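Structure first, commentary second.
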Amino acid sequence: MSSTGYRKVPSIRKYIVRRIFHAVPLIFIVIILNFFIIQLAPGDPAEILAGENAPGYVVEQIRERLQLDRPLHIQLFFYIWNIIHLDFGYSYSTSTPVISLISSRILATLLLVLSSTFIAVILGIITGVISSKNVYSFTDNIITTFSLISYSMPNFWLGMILILILGLYLRLLPIAGMTTLRVTYTGLAYVFDIIKHLISPALALGLSTLAIYHRLTRASMLEELRKDYIITAWAKGLTEFQVLYRHALRNAILPLVTVLGMRMGFILSGSIIVETIFGWPGMGRLTFFAIGARDYPLLMGIFTIVSITVIITNLITDICYYYINPRIRFT
């Protein structure tokens, strides 16, 4: 037994190291693609910064100061060189280091994304297990119908509905921002204030993906509940909770973990609209501002950080396979 356990550790370690080495060229490919895609976007940052009716020589001076008059391959070379030295450049709009702008917003976005994902995954698993236990029953139909309705609603529309109902009509939750501006809270009061502001945007972002996790959990549980080891577990006299959650769900959760890692990019892109609607001071709102201002360094910095986040998330997903199902081998 010790020899078997001893062989597993190097396998997962070698796999992680190999994935990290593979991620490095992938990140550079993403940087190059982002650079050229942004360059193809309509609009000239120099003209936007100069303002309307600005003389041509002013626009040319701004373009020269921002080094936009250089050939694209020269701009790309210097940008990649700066990235290697962890220098994302300066924002065209604010003349602030891009890394400073991103670092000041990334925690708010992570809080929103993780909260919405937690809501979607936990509710999806619970409702999926309940539906599989009562398949084709009234409860199953109600849960499935609700999940499909939430999936059909765009998150921006759902966000506005939550603002109207929970914020304006019932006055239960704040309608915008991350904290209360007129009052300065400290300690636990500050934490609860953030949670109050977080509930609505997290629901708007999380409920739109609830149906995916519900359907996956339901389908996987139905498949597992027909297998022999579940019949053996019932025959041993185990409780319903032990059979459903400790045995069946552990094997049924692998497809859910796969989709969770794959959808991280979609969740981050969806946060742009949700953060804008709720005035949430995260990277999504910063992206919306950068697009409007044609702020190329800021946009490329955000896209690079998001790409690295997605790559890391997929690596964590593969590592989770190993701990959820130790029979999986990495070679």
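Naming works like this for the structure tokens: A, B, ... for the chains as they're shown, residue 1 at the start of each chain, ligands 1 onward in shown order.
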
Report as a Markdown table the residues of segment 79-189 of chain A within 10 Å of segment 293-301 of chain A, each with its shortest atom pair and distance in Å (one decimal), using only C-alpha atoms, ordered by chain and increasing residue number.
```
| residue | atom | partner | partner_atom | distance |
| --- | --- | --- | --- | --- |
| A:Tyr79 | CA | A:Pro297 | CA | 8.9 |
| A:Ile83 | CA | A:Gly301 | CA | 9.2 |
| A:Asp87 | CA | A:Gly301 | CA | 9.5 |
| A:Phe88 | CA | A:Gly301 | CA | 6.0 |
| A:Gly89 | CA | A:Pro297 | CA | 6.2 |
| A:Tyr90 | CA | A:Pro297 | CA | 6.6 |
| A:Ser91 | CA | A:Leu298 | CA | 5.6 |
| A:Tyr92 | CA | A:Asp295 | CA | 5.5 |
| A:Ser93 | CA | A:Asp295 | CA | 6.5 |
| A:Thr94 | CA | A:Asp295 | CA | 9.4 |
| A:Thr96 | CA | A:Leu298 | CA | 9.6 |
| A:Pro97 | CA | A:Leu298 | CA | 8.8 |
| A:Val98 | CA | A:Leu298 | CA | 5.6 |
| A:Ile99 | CA | A:Gly301 | CA | 7.5 |
| A:Leu101 | CA | A:Leu298 | CA | 8.3 |
| A:Ile102 | CA | A:Gly301 | CA | 7.9 |
```

*For each of A:Ala108, A:Ile272, A:Leu207, A:Ile27, take the minimum atom-to-atom distance to Ile195 of chain A, counting only C-alpha atoms, then give the residue where this is smallest.*
A:Ala108

*For Thr209 of chain A, which of A:Gly284, A:Gly124, A:Gly292, A:Pro255 is the closest residue, counting only C-alpha atoms?*
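Using only C-alpha atoms, Thr209 of chain A sits closest to A:Gly124.
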
_From a backbone DSSP assignment, name each residue in segment 19-151 of chain A labelled alpha helix (DSSP H), as a ChimeraX atom specification._
/A:19-39,45-50,56-65,72-84,98-133,138-151

_Which residue of A:Thr287, A:Ser95, A:Thr184, A:Ser147 approaches Arg65 of chain A most closely, using only C-alpha atoms_ = A:Ser95
